>>> print(open('target20.pdb').read())   # PDB, N, CA and C atoms
MODEL        1
ATOM      1  N   MET A   1       8.582 -26.958  12.317  1.00  0.00           N
ATOM      2  CA  MET A   1       9.993 -26.815  12.009  1.00  0.00           C
ATOM      3  C   MET A   1      10.575 -25.726  12.898  1.00  0.00           C
ATOM      4  N   ALA A   2      11.521 -26.073  13.732  1.00  0.00           N
ATOM      5  CA  ALA A   2      12.127 -25.112  14.647  1.00  0.00           C
ATOM      6  C   ALA A   2      13.222 -24.333  13.936  1.00  0.00           C
ATOM      7  N   HIS A   3      13.301 -23.050  14.269  1.00  0.00           N
ATOM      8  CA  HIS A   3      14.346 -22.203  13.721  1.00  0.00           C
ATOM      9  C   HIS A   3      15.427 -22.017  14.765  1.00  0.00           C
ATOM     10  N   PRO A   4      16.672 -21.794  14.327  1.00  0.00           N
ATOM     11  CA  PRO A   4      17.742 -21.573  15.292  1.00  0.00           C
ATOM     12  C   PRO A   4      17.522 -20.258  16.021  1.00  0.00           C
ATOM     13  N   PRO A   5      18.118 -20.091  17.205  1.00  0.00           N
ATOM     14  CA  PRO A   5      17.959 -18.849  17.950  1.00  0.00           C
ATOM     15  C   PRO A   5      18.541 -17.663  17.193  1.00  0.00           C
ATOM     16  N   LEU A   6      18.119 -16.470  17.584  1.00  0.00           N
ATOM     17  CA  LEU A   6      18.610 -15.244  16.961  1.00  0.00           C
ATOM     18  C   LEU A   6      20.131 -15.210  17.016  1.00  0.00           C
ATOM     19  N   PRO A   7      20.789 -15.125  15.870  1.00  0.00           N
ATOM     20  CA  PRO A   7      22.261 -15.118  15.878  1.00  0.00           C
ATOM     21  C   PRO A   7      22.796 -13.839  16.506  1.00  0.00           C
ATOM     22  N   THR A   8      23.893 -13.953  17.236  1.00  0.00           N
ATOM     23  CA  THR A   8      24.447 -12.774  17.900  1.00  0.00           C
ATOM     24  C   THR A   8      25.057 -11.796  16.906  1.00  0.00           C
ATOM     25  N   GLN A   9      25.372 -12.247  15.689  1.00  0.00           N
ATOM     26  CA  GLN A   9      25.919 -11.339  14.690  1.00  0.00           C
ATOM     27  C   GLN A   9      24.821 -10.545  13.985  1.00  0.00           C
ATOM     28  N   GLY A  10      23.572 -10.911  14.163  1.00  0.00           N
ATOM     29  CA  GLY A  10      22.460 -10.160  13.604  1.00  0.00           C
ATOM     30  C   GLY A  10      21.774 -10.868  12.457  1.00  0.00           C
ATOM     31  N   VAL A  11      20.734 -10.217  11.960  1.00  0.00           N
ATOM     32  CA  VAL A  11      19.952 -10.744  10.851  1.00  0.00           C
ATOM     33  C   VAL A  11      19.531  -9.555   9.986  1.00  0.00           C
ATOM     34  N   PHE A  12      19.515  -9.757   8.682  1.00  0.00           N
ATOM     35  CA  PHE A  12      19.075  -8.689   7.784  1.00  0.00           C
ATOM     36  C   PHE A  12      17.567  -8.520   7.899  1.00  0.00           C
ATOM     37  N   LEU A  13      17.114  -7.273   7.841  1.00  0.00           N
ATOM     38  CA  LEU A  13      15.691  -6.978   7.931  1.00  0.00           C
ATOM     39  C   LEU A  13      14.919  -7.706   6.833  1.00  0.00           C
ATOM     40  N   SER A  14      15.460  -7.761   5.634  1.00  0.00           N
ATOM     41  CA  SER A  14      14.777  -8.452   4.530  1.00  0.00           C
ATOM     42  C   SER A  14      14.580  -9.934   4.857  1.00  0.00           C
ATOM     43  N   GLN A  15      15.558 -10.566   5.474  1.00  0.00           N
ATOM     44  CA  GLN A  15      15.441 -11.971   5.868  1.00  0.00           C
ATOM     45  C   GLN A  15      14.424 -12.123   6.995  1.00  0.00           C
ATOM     46  N   LEU A  16      14.458 -11.207   7.950  1.00  0.00           N
ATOM     47  CA  LEU A  16      13.510 -11.239   9.058  1.00  0.00           C
ATOM     48  C   LEU A  16      12.078 -11.106   8.545  1.00  0.00           C
ATOM     49  N   LEU A  17      11.855 -10.206   7.601  1.00  0.00           N
ATOM     50  CA  LEU A  17      10.529 -10.031   7.011  1.00  0.00           C
ATOM     51  C   LEU A  17      10.081 -11.297   6.276  1.00  0.00           C
ATOM     52  N   GLY A  18      10.985 -11.900   5.533  1.00  0.00           N
ATOM     53  CA  GLY A  18      10.659 -13.125   4.808  1.00  0.00           C
ATOM     54  C   GLY A  18      10.293 -14.267   5.737  1.00  0.00           C
ATOM     55  N   GLU A  19      11.044 -14.439   6.805  1.00  0.00           N
ATOM     56  CA  GLU A  19      10.773 -15.517   7.746  1.00  0.00           C
ATOM     57  C   GLU A  19       9.494 -15.258   8.533  1.00  0.00           C
ATOM     58  N   PHE A  20       9.249 -13.983   8.848  1.00  0.00           N
ATOM     59  CA  PHE A  20       8.017 -13.646   9.559  1.00  0.00           C
ATOM     60  C   PHE A  20       6.805 -13.902   8.662  1.00  0.00           C
ATOM     61  N   SER A  21       6.925 -13.562   7.401  1.00  0.00           N
ATOM     62  CA  SER A  21       5.848 -13.809   6.448  1.00  0.00           C
ATOM     63  C   SER A  21       5.583 -15.314   6.330  1.00  0.00           C
ATOM     64  N   TRP A  22       6.646 -16.093   6.219  1.00  0.00           N
ATOM     65  CA  TRP A  22       6.512 -17.554   6.133  1.00  0.00           C
ATOM     66  C   TRP A  22       5.822 -18.099   7.383  1.00  0.00           C
ATOM     67  N   LEU A  23       6.249 -17.648   8.554  1.00  0.00           N
ATOM     68  CA  LEU A  23       5.675 -18.122   9.810  1.00  0.00           C
ATOM     69  C   LEU A  23       4.197 -17.756   9.903  1.00  0.00           C
ATOM     70  N   THR A  24       3.848 -16.545   9.480  1.00  0.00           N
ATOM     71  CA  THR A  24       2.446 -16.111   9.487  1.00  0.00           C
ATOM     72  C   THR A  24       1.603 -16.991   8.567  1.00  0.00           C
ATOM     73  N   GLU A  25       2.105 -17.245   7.350  1.00  0.00           N
ATOM     74  CA  GLU A  25       1.372 -18.086   6.398  1.00  0.00           C
ATOM     75  C   GLU A  25       1.186 -19.501   6.923  1.00  0.00           C
ATOM     76  N   GLU A  26       2.215 -20.073   7.504  1.00  0.00           N
ATOM     77  CA  GLU A  26       2.130 -21.427   8.046  1.00  0.00           C
ATOM     78  C   GLU A  26       1.116 -21.496   9.181  1.00  0.00           C
ATOM     79  N   THR A  27       1.088 -20.476  10.005  1.00  0.00           N
ATOM     80  CA  THR A  27       0.143 -20.425  11.123  1.00  0.00           C
ATOM     81  C   THR A  27      -1.296 -20.372  10.603  1.00  0.00           C
ATOM     82  N   LEU A  28      -1.526 -19.497   9.619  1.00  0.00           N
ATOM     83  CA  LEU A  28      -2.863 -19.355   9.041  1.00  0.00           C
ATOM     84  C   LEU A  28      -3.303 -20.620   8.297  1.00  0.00           C
ATOM     85  N   LEU A  29      -2.370 -21.270   7.587  1.00  0.00           N
ATOM     86  CA  LEU A  29      -2.696 -22.495   6.862  1.00  0.00           C
ATOM     87  C   LEU A  29      -3.153 -23.621   7.796  1.00  0.00           C
ATOM     88  N   ARG A  30      -2.700 -23.570   9.018  1.00  0.00           N
ATOM     89  CA  ARG A  30      -3.072 -24.588   9.997  1.00  0.00           C
ATOM     90  C   ARG A  30      -4.360 -24.215  10.740  1.00  0.00           C
ATOM     91  N   GLY A  31      -5.008 -23.126  10.311  1.00  0.00           N
ATOM     92  CA  GLY A  31      -6.298 -22.747  10.881  1.00  0.00           C
ATOM     93  C   GLY A  31      -6.229 -21.970  12.178  1.00  0.00           C
ATOM     94  N   PHE A  32      -5.053 -21.421  12.507  1.00  0.00           N
ATOM     95  CA  PHE A  32      -4.910 -20.630  13.720  1.00  0.00           C
ATOM     96  C   PHE A  32      -4.940 -19.144  13.386  1.00  0.00           C
ATOM     97  N   ASP A  33      -5.321 -18.349  14.360  1.00  0.00           N
ATOM     98  CA  ASP A  33      -5.347 -16.899  14.211  1.00  0.00           C
ATOM     99  C   ASP A  33      -4.006 -16.346  14.683  1.00  0.00           C
ATOM    100  N   VAL A  34      -3.468 -15.382  13.952  1.00  0.00           N
ATOM    101  CA  VAL A  34      -2.193 -14.790  14.354  1.00  0.00           C
ATOM    102  C   VAL A  34      -2.387 -13.612  15.306  1.00  0.00           C
ATOM    103  N   GLY A  35      -3.610 -13.105  15.422  1.00  0.00           N
ATOM    104  CA  GLY A  35      -3.886 -12.067  16.401  1.00  0.00           C
ATOM    105  C   GLY A  35      -3.524 -10.664  15.969  1.00  0.00           C
ATOM    106  N   PHE A  36      -3.278 -10.460  14.693  1.00  0.00           N
ATOM    107  CA  PHE A  36      -2.981  -9.121  14.200  1.00  0.00           C
ATOM    108  C   PHE A  36      -3.402  -9.031  12.747  1.00  0.00           C
ATOM    109  N   SER A  37      -3.517  -7.801  12.280  1.00  0.00           N
ATOM    110  CA  SER A  37      -3.827  -7.581  10.873  1.00  0.00           C
ATOM    111  C   SER A  37      -2.994  -6.398  10.396  1.00  0.00           C
ATOM    112  N   GLY A  38      -3.012  -6.153   9.123  1.00  0.00           N
ATOM    113  CA  GLY A  38      -2.240  -5.050   8.576  1.00  0.00           C
ATOM    114  C   GLY A  38      -1.022  -5.553   7.829  1.00  0.00           C
ATOM    115  N   GLN A  39      -0.165  -4.622   7.471  1.00  0.00           N
ATOM    116  CA  GLN A  39       1.030  -4.958   6.704  1.00  0.00           C
ATOM    117  C   GLN A  39       2.109  -5.525   7.618  1.00  0.00           C
ATOM    118  N   LEU A  40       2.687  -6.644   7.188  1.00  0.00           N
ATOM    119  CA  LEU A  40       3.718  -7.289   8.004  1.00  0.00           C
ATOM    120  C   LEU A  40       4.913  -6.364   8.235  1.00  0.00           C
ATOM    121  N   ARG A  41       5.282  -5.595   7.208  1.00  0.00           N
ATOM    122  CA  ARG A  41       6.434  -4.701   7.348  1.00  0.00           C
ATOM    123  C   ARG A  41       6.198  -3.682   8.474  1.00  0.00           C
ATOM    124  N   CYS A  42       4.987  -3.142   8.547  1.00  0.00           N
ATOM    125  CA  CYS A  42       4.660  -2.177   9.600  1.00  0.00           C
ATOM    126  C   CYS A  42       4.705  -2.835  10.976  1.00  0.00           C
ATOM    127  N   LEU A  43       4.208  -4.065  11.066  1.00  0.00           N
ATOM    128  CA  LEU A  43       4.231  -4.783  12.337  1.00  0.00           C
ATOM    129  C   LEU A  43       5.661  -5.059  12.791  1.00  0.00           C
ATOM    130  N   VAL A  44       6.502  -5.501  11.871  1.00  0.00           N
ATOM    131  CA  VAL A  44       7.900  -5.770  12.219  1.00  0.00           C
ATOM    132  C   VAL A  44       8.609  -4.473  12.611  1.00  0.00           C
ATOM    133  N   GLN A  45       8.360  -3.384  11.898  1.00  0.00           N
ATOM    134  CA  GLN A  45       8.977  -2.104  12.247  1.00  0.00           C
ATOM    135  C   GLN A  45       8.519  -1.632  13.625  1.00  0.00           C
ATOM    136  N   HIS A  46       7.242  -1.809  13.937  1.00  0.00           N
ATOM    137  CA  HIS A  46       6.746  -1.426  15.263  1.00  0.00           C
ATOM    138  C   HIS A  46       7.407  -2.278  16.353  1.00  0.00           C
ATOM    139  N   THR A  47       7.503  -3.576  16.094  1.00  0.00           N
ATOM    140  CA  THR A  47       8.143  -4.475  17.045  1.00  0.00           C
ATOM    141  C   THR A  47       9.593  -4.073  17.284  1.00  0.00           C
ATOM    142  N   LEU A  48      10.308  -3.732  16.212  1.00  0.00           N
ATOM    143  CA  LEU A  48      11.702  -3.316  16.366  1.00  0.00           C
ATOM    144  C   LEU A  48      11.804  -2.009  17.143  1.00  0.00           C
ATOM    145  N   SER A  49      10.811  -1.127  16.989  1.00  0.00           N
ATOM    146  CA  SER A  49      10.845   0.118  17.765  1.00  0.00           C
ATOM    147  C   SER A  49      10.661  -0.181  19.256  1.00  0.00           C
ATOM    148  N   LEU A  50       9.837  -1.181  19.582  1.00  0.00           N
ATOM    149  CA  LEU A  50       9.673  -1.575  20.982  1.00  0.00           C
ATOM    150  C   LEU A  50      10.928  -2.248  21.535  1.00  0.00           C
ATOM    151  N   LEU A  51      11.643  -2.938  20.662  1.00  0.00           N
ATOM    152  CA  LEU A  51      12.868  -3.630  21.078  1.00  0.00           C
ATOM    153  C   LEU A  51      14.106  -2.728  21.001  1.00  0.00           C
ATOM    154  N   ARG A  52      13.922  -1.468  20.651  1.00  0.00           N
ATOM    155  CA  ARG A  52      15.035  -0.541  20.415  1.00  0.00           C
ATOM    156  C   ARG A  52      16.115  -0.564  21.511  1.00  0.00           C
ATOM    157  N   PRO A  53      15.740  -0.674  22.802  1.00  0.00           N
ATOM    158  CA  PRO A  53      16.800  -0.738  23.824  1.00  0.00           C
ATOM    159  C   PRO A  53      17.656  -2.008  23.738  1.00  0.00           C
ATOM    160  N   HIS A  54      17.131  -3.029  23.054  1.00  0.00           N
ATOM    161  CA  HIS A  54      17.809  -4.322  23.032  1.00  0.00           C
ATOM    162  C   HIS A  54      18.426  -4.689  21.689  1.00  0.00           C
ATOM    163  N   VAL A  55      18.124  -3.919  20.642  1.00  0.00           N
ATOM    164  CA  VAL A  55      18.689  -4.201  19.323  1.00  0.00           C
ATOM    165  C   VAL A  55      19.203  -2.909  18.692  1.00  0.00           C
ATOM    166  N   ALA A  56      20.193  -3.068  17.829  1.00  0.00           N
ATOM    167  CA  ALA A  56      20.701  -1.949  17.035  1.00  0.00           C
ATOM    168  C   ALA A  56      20.332  -2.203  15.581  1.00  0.00           C
ATOM    169  N   LEU A  57      19.950  -1.153  14.871  1.00  0.00           N
ATOM    170  CA  LEU A  57      19.630  -1.253  13.451  1.00  0.00           C
ATOM    171  C   LEU A  57      20.744  -0.556  12.689  1.00  0.00           C
ATOM    172  N   LEU A  58      21.465  -1.314  11.889  1.00  0.00           N
ATOM    173  CA  LEU A  58      22.613  -0.787  11.156  1.00  0.00           C
ATOM    174  C   LEU A  58      22.298  -0.751   9.671  1.00  0.00           C
ATOM    175  N   ARG A  59      22.385   0.426   9.081  1.00  0.00           N
ATOM    176  CA  ARG A  59      22.142   0.560   7.636  1.00  0.00           C
ATOM    177  C   ARG A  59      23.413   0.123   6.911  1.00  0.00           C
ATOM    178  N   ILE A  60      23.241  -0.743   5.915  1.00  0.00           N
ATOM    179  CA  ILE A  60      24.390  -1.215   5.157  1.00  0.00           C
ATOM    180  C   ILE A  60      24.302  -0.689   3.731  1.00  0.00           C
ATOM    181  N   GLN A  61      25.335  -0.877   2.966  1.00  0.00           N
ATOM    182  CA  GLN A  61      25.433  -0.292   1.628  1.00  0.00           C
ATOM    183  C   GLN A  61      24.373  -0.792   0.660  1.00  0.00           C
ATOM    184  N   GLN A  62      23.939  -2.039   0.775  1.00  0.00           N
ATOM    185  CA  GLN A  62      22.980  -2.601  -0.170  1.00  0.00           C
ATOM    186  C   GLN A  62      21.563  -2.084   0.051  1.00  0.00           C
ATOM    187  N   GLY A  63      21.356  -1.187   1.018  1.00  0.00           N
ATOM    188  CA  GLY A  63      20.039  -0.631   1.267  1.00  0.00           C
ATOM    189  C   GLY A  63      19.218  -1.423   2.266  1.00  0.00           C
ATOM    190  N   ASP A  64      19.770  -2.485   2.796  1.00  0.00           N
ATOM    191  CA  ASP A  64      19.089  -3.303   3.792  1.00  0.00           C
ATOM    192  C   ASP A  64      19.538  -2.854   5.176  1.00  0.00           C
ATOM    193  N   LEU A  65      18.814  -3.257   6.193  1.00  0.00           N
ATOM    194  CA  LEU A  65      19.205  -2.998   7.571  1.00  0.00           C
ATOM    195  C   LEU A  65      19.652  -4.301   8.211  1.00  0.00           C
ATOM    196  N   LEU A  66      20.639  -4.206   9.069  1.00  0.00           N
ATOM    197  CA  LEU A  66      21.086  -5.344   9.848  1.00  0.00           C
ATOM    198  C   LEU A  66      20.573  -5.141  11.266  1.00  0.00           C
ATOM    199  N   VAL A  67      19.815  -6.101  11.783  1.00  0.00           N
ATOM    200  CA  VAL A  67      19.285  -6.043  13.142  1.00  0.00           C
ATOM    201  C   VAL A  67      20.239  -6.842  14.020  1.00  0.00           C
ATOM    202  N   VAL A  68      20.873  -6.151  14.974  1.00  0.00           N
ATOM    203  CA  VAL A  68      21.896  -6.776  15.801  1.00  0.00           C
ATOM    204  C   VAL A  68      21.491  -6.650  17.270  1.00  0.00           C
ATOM    205  N   PRO A  69      21.467  -7.764  18.002  1.00  0.00           N
ATOM    206  CA  PRO A  69      21.165  -7.662  19.432  1.00  0.00           C
ATOM    207  C   PRO A  69      22.275  -6.926  20.165  1.00  0.00           C
ATOM    208  N   ARG A  70      21.890  -6.066  21.103  1.00  0.00           N
ATOM    209  CA  ARG A  70      22.875  -5.351  21.932  1.00  0.00           C
ATOM    210  C   ARG A  70      23.298  -6.280  23.073  1.00  0.00           C
ATOM    211  N   PRO A  71      24.599  -6.324  23.359  1.00  0.00           N
ATOM    212  CA  PRO A  71      25.051  -7.153  24.478  1.00  0.00           C
ATOM    213  C   PRO A  71      24.484  -6.632  25.795  1.00  0.00           C
ATOM    214  N   GLY A  72      24.284  -7.515  26.734  1.00  0.00           N
ATOM    215  CA  GLY A  72      23.782  -7.106  28.047  1.00  0.00           C
ATOM    216  C   GLY A  72      22.650  -7.990  28.505  1.00  0.00           C
ATOM    217  N   PRO A  73      22.022  -7.604  29.613  1.00  0.00           N
ATOM    218  CA  PRO A  73      20.941  -8.422  30.167  1.00  0.00           C
ATOM    219  C   PRO A  73      19.751  -8.548  29.216  1.00  0.00           C
ATOM    220  N   GLY A  74      19.537  -7.539  28.376  1.00  0.00           N
ATOM    221  CA  GLY A  74      18.435  -7.609  27.411  1.00  0.00           C
ATOM    222  C   GLY A  74      18.605  -8.751  26.434  1.00  0.00           C
ATOM    223  N   LEU A  75      19.845  -9.051  26.065  1.00  0.00           N
ATOM    224  CA  LEU A  75      20.126 -10.147  25.139  1.00  0.00           C
ATOM    225  C   LEU A  75      19.719 -11.479  25.754  1.00  0.00           C
ATOM    226  N   THR A  76      19.982 -11.649  27.033  1.00  0.00           N
ATOM    227  CA  THR A  76      19.577 -12.872  27.731  1.00  0.00           C
ATOM    228  C   THR A  76      18.061 -13.002  27.744  1.00  0.00           C
ATOM    229  N   SER A  77      17.369 -11.882  27.970  1.00  0.00           N
ATOM    230  CA  SER A  77      15.905 -11.909  27.971  1.00  0.00           C
ATOM    231  C   SER A  77      15.355 -12.256  26.593  1.00  0.00           C
ATOM    232  N   LEU A  78      15.944 -11.666  25.543  1.00  0.00           N
ATOM    233  CA  LEU A  78      15.501 -11.967  24.181  1.00  0.00           C
ATOM    234  C   LEU A  78      15.731 -13.436  23.848  1.00  0.00           C
ATOM    235  N   ALA A  79      16.877 -13.964  24.252  1.00  0.00           N
ATOM    236  CA  ALA A  79      17.192 -15.364  23.961  1.00  0.00           C
ATOM    237  C   ALA A  79      16.201 -16.284  24.675  1.00  0.00           C
ATOM    238  N   ARG A  80      15.844 -15.956  25.904  1.00  0.00           N
ATOM    239  CA  ARG A  80      14.900 -16.766  26.668  1.00  0.00           C
ATOM    240  C   ARG A  80      13.511 -16.715  26.017  1.00  0.00           C
ATOM    241  N   LEU A  81      13.102 -15.545  25.521  1.00  0.00           N
ATOM    242  CA  LEU A  81      11.786 -15.403  24.905  1.00  0.00           C
ATOM    243  C   LEU A  81      11.714 -16.057  23.527  1.00  0.00           C
ATOM    244  N   SER A  82      12.852 -16.152  22.846  1.00  0.00           N
ATOM    245  CA  SER A  82      12.835 -16.743  21.504  1.00  0.00           C
ATOM    246  C   SER A  82      12.570 -18.234  21.600  1.00  0.00           C
TER     247      SER A  82
ENDMDL
END
>>> encode(input="target20.pdb", output="structure tokens")
Amino acid sequence: MAHPPLPTQGVFLSQLLGEFSWLTEETLLRGFDVGFSGQLRCLVQHTLSLLRPHVALLRIQQGDLLVVPRPGPGLTSLARLS
């Protein structure tokens, strides 16, 4: 099942974690290795720290974070990699 590309308006961290968890479970159920271990939240946070030049993390009132791609050449690279 293909997912739509990263929306330019952003995605909530809670949604990103949920979708990443689903993708990990589906991969494992099919007998493939995901190539990492540990807590998914820590992995996603580390990944976002590596992507820091290309994404902005906005704290919102409900206590969630909004992950928003920064405009520029990095956005094109992220879209191509997705």
>>> atom_distance(input="target20.pdb", atom1="atom CA of Gly10 of chain A", atom2="atom N of Thr24 of chain A")
20.1 Å
>>> select_by_dssp(input="target20.pdb", residues="chain A", states="strand (DSSP E or B)", output="list in words")
Val11, Phe12, Val55, Ala56, Leu57, Leu58, Arg59, Leu65, Leu66, Val67, Val68 and Pro69 of chain A
>>> resolve_selection(input="target20.pdb", expression="the PyMOL selection byres ((chain A and resi 11) around 6.5)", output="number ranges by chain")
A: 7, 9-10, 12-16, 65-68
>>> write_last_selection(input="target20.pdb", atoms="N, CA and C atoms", output="PDB file, in the frame of the given file")
ATOM      1  N   PRO A   7      20.789 -15.125  15.870  1.00  0.00           N
ATOM      2  CA  PRO A   7      22.261 -15.118  15.878  1.00  0.00           C
ATOM      3  C   PRO A   7      22.796 -13.839  16.506  1.00  0.00           C
ATOM      4  N   GLN A   9      25.372 -12.247  15.689  1.00  0.00           N
ATOM      5  CA  GLN A   9      25.919 -11.339  14.690  1.00  0.00           C
ATOM      6  C   GLN A   9      24.821 -10.545  13.985  1.00  0.00           C
ATOM      7  N   GLY A  10      23.572 -10.911  14.163  1.00  0.00           N
ATOM      8  CA  GLY A  10      22.460 -10.160  13.604  1.00  0.00           C
ATOM      9  C   GLY A  10      21.774 -10.868  12.457  1.00  0.00           C
ATOM     10  N   PHE A  12      19.515  -9.757   8.682  1.00  0.00           N
ATOM     11  CA  PHE A  12      19.075  -8.689   7.784  1.00  0.00           C
ATOM     12  C   PHE A  12      17.567  -8.520   7.899  1.00  0.00           C
ATOM     13  N   LEU A  13      17.114  -7.273   7.841  1.00  0.00           N
ATOM     14  CA  LEU A  13      15.691  -6.978   7.931  1.00  0.00           C
ATOM     15  C   LEU A  13      14.919  -7.706   6.833  1.00  0.00           C
ATOM     16  N   SER A  14      15.460  -7.761   5.634  1.00  0.00           N
ATOM     17  CA  SER A  14      14.777  -8.452   4.530  1.00  0.00           C
ATOM     18  C   SER A  14      14.580  -9.934   4.857  1.00  0.00           C
ATOM     19  N   GLN A  15      15.558 -10.566   5.474  1.00  0.00           N
ATOM     20  CA  GLN A  15      15.441 -11.971   5.868  1.00  0.00           C
ATOM     21  C   GLN A  15      14.424 -12.123   6.995  1.00  0.00           C
ATOM     22  N   LEU A  16      14.458 -11.207   7.950  1.00  0.00           N
ATOM     23  CA  LEU A  16      13.510 -11.239   9.058  1.00  0.00           C
ATOM     24  C   LEU A  16      12.078 -11.106   8.545  1.00  0.00           C
ATOM     25  N   LEU A  65      18.814  -3.257   6.193  1.00  0.00           N
ATOM     26  CA  LEU A  65      19.205  -2.998   7.571  1.00  0.00           C
ATOM     27  C   LEU A  65      19.652  -4.301   8.211  1.00  0.00           C
ATOM     28  N   LEU A  66      20.639  -4.206   9.069  1.00  0.00           N
ATOM     29  CA  LEU A  66      21.086  -5.344   9.848  1.00  0.00           C
ATOM     30  C   LEU A  66      20.573  -5.141  11.266  1.00  0.00           C
ATOM     31  N   VAL A  67      19.815  -6.101  11.783  1.00  0.00           N
ATOM     32  CA  VAL A  67      19.285  -6.043  13.142  1.00  0.00           C
ATOM     33  C   VAL A  67      20.239  -6.842  14.020  1.00  0.00           C
ATOM     34  N   VAL A  68      20.873  -6.151  14.974  1.00  0.00           N
ATOM     35  CA  VAL A  68      21.896  -6.776  15.801  1.00  0.00           C
ATOM     36  C   VAL A  68      21.491  -6.650  17.270  1.00  0.00           C
TER      37      VAL A  68
END
>>> residues_around(input="target20.pdb", residues="segment 41-54 of chain A", least_positions_apart="5", cutoff="6.5 Å", atoms="all atoms listed in the file", output="list in words")
Val68, Pro69, Arg70, Gly74 and Leu75 of chain A
>>> atom_distance(input="target20.pdb", atom1="atom C of Leu78 of chain A", atom2="atom N of Ala56 of chain A")
12.8 Å
>>> decode(input="target20.pdb", residues="segment 18-32 of chain A", atoms="N, CA, C and O atoms", output="mmCIF file, in the first residue's frame")
data_model
loop_
_atom_site.group_PDB
_atom_site.id
_atom_site.type_symbol
_atom_site.label_atom_id
_atom_site.label_comp_id
_atom_site.auth_asym_id
_atom_site.auth_seq_id
_atom_site.Cartn_x
_atom_site.Cartn_y
_atom_site.Cartn_z
ATOM 1 N N GLY A 18 2.969 6.824 14.491
ATOM 2 C CA GLY A 18 1.991 5.773 14.228
ATOM 3 C C GLY A 18 2.206 5.106 12.881
ATOM 4 O O GLY A 18 2.158 3.876 12.762
ATOM 5 N N GLU A 19 2.465 5.891 11.856
ATOM 6 C CA GLU A 19 2.672 5.340 10.524
ATOM 7 C C GLU A 19 3.993 4.583 10.438
ATOM 8 O O GLU A 19 4.093 3.555 9.771
ATOM 9 N N PHE A 20 5.005 5.090 11.146
ATOM 10 C CA PHE A 20 6.290 4.393 11.156
ATOM 11 C C PHE A 20 6.155 3.048 11.872
ATOM 12 O O PHE A 20 6.710 2.037 11.428
ATOM 13 N N SER A 21 5.413 3.031 12.954
ATOM 14 C CA SER A 21 5.177 1.790 13.684
ATOM 15 C C SER A 21 4.434 0.788 12.794
ATOM 16 O O SER A 21 4.795 -0.394 12.730
ATOM 17 N N TRP A 22 3.410 1.258 12.102
ATOM 18 C CA TRP A 22 2.646 0.394 11.192
ATOM 19 C C TRP A 22 3.559 -0.169 10.102
ATOM 20 O O TRP A 22 3.534 -1.368 9.809
ATOM 21 N N LEU A 23 4.381 0.681 9.504
ATOM 22 C CA LEU A 23 5.277 0.253 8.434
ATOM 23 C C LEU A 23 6.280 -0.777 8.947
ATOM 24 O O LEU A 23 6.553 -1.785 8.281
ATOM 25 N N THR A 24 6.808 -0.557 10.148
ATOM 26 C CA THR A 24 7.750 -1.508 10.750
ATOM 27 C C THR A 24 7.082 -2.863 10.972
ATOM 28 O O THR A 24 7.642 -3.915 10.630
ATOM 29 N N GLU A 25 5.864 -2.850 11.533
ATOM 30 C CA GLU A 25 5.141 -4.101 11.780
ATOM 31 C C GLU A 25 4.844 -4.846 10.487
ATOM 32 O O GLU A 25 5.000 -6.073 10.417
ATOM 33 N N GLU A 26 4.418 -4.141 9.465
ATOM 34 C CA GLU A 26 4.115 -4.767 8.179
ATOM 35 C C GLU A 26 5.365 -5.387 7.569
ATOM 36 O O GLU A 26 5.305 -6.474 6.989
ATOM 37 N N THR A 27 6.481 -4.711 7.701
ATOM 38 C CA THR A 27 7.748 -5.218 7.168
ATOM 39 C C THR A 27 8.147 -6.511 7.884
ATOM 40 O O THR A 27 8.518 -7.499 7.254
ATOM 41 N N LEU A 28 8.055 -6.490 9.218
ATOM 42 C CA LEU A 28 8.410 -7.666 10.012
ATOM 43 C C LEU A 28 7.456 -8.838 9.759
ATOM 44 O O LEU A 28 7.890 -9.995 9.702
ATOM 45 N N LEU A 29 6.157 -8.547 9.601
ATOM 46 C CA LEU A 29 5.179 -9.600 9.338
ATOM 47 C C LEU A 29 5.451 -10.332 8.018
ATOM 48 O O LEU A 29 5.094 -11.494 7.867
ATOM 49 N N ARG A 30 6.083 -9.648 7.105
ATOM 50 C CA ARG A 30 6.400 -10.245 5.810
ATOM 51 C C ARG A 30 7.755 -10.963 5.835
ATOM 52 O O ARG A 30 8.249 -11.407 4.803
ATOM 53 N N GLY A 31 8.365 -11.056 7.022
ATOM 54 C CA GLY A 31 9.605 -11.812 7.170
ATOM 55 C C GLY A 31 10.866 -11.068 6.787
ATOM 56 O O GLY A 31 11.908 -11.677 6.589
ATOM 57 N N PHE A 32 10.788 -9.736 6.674
ATOM 58 C CA PHE A 32 11.961 -8.943 6.342
ATOM 59 C C PHE A 32 12.534 -8.300 7.598
ATOM 60 O O PHE A 32 11.822 -8.072 8.573
#
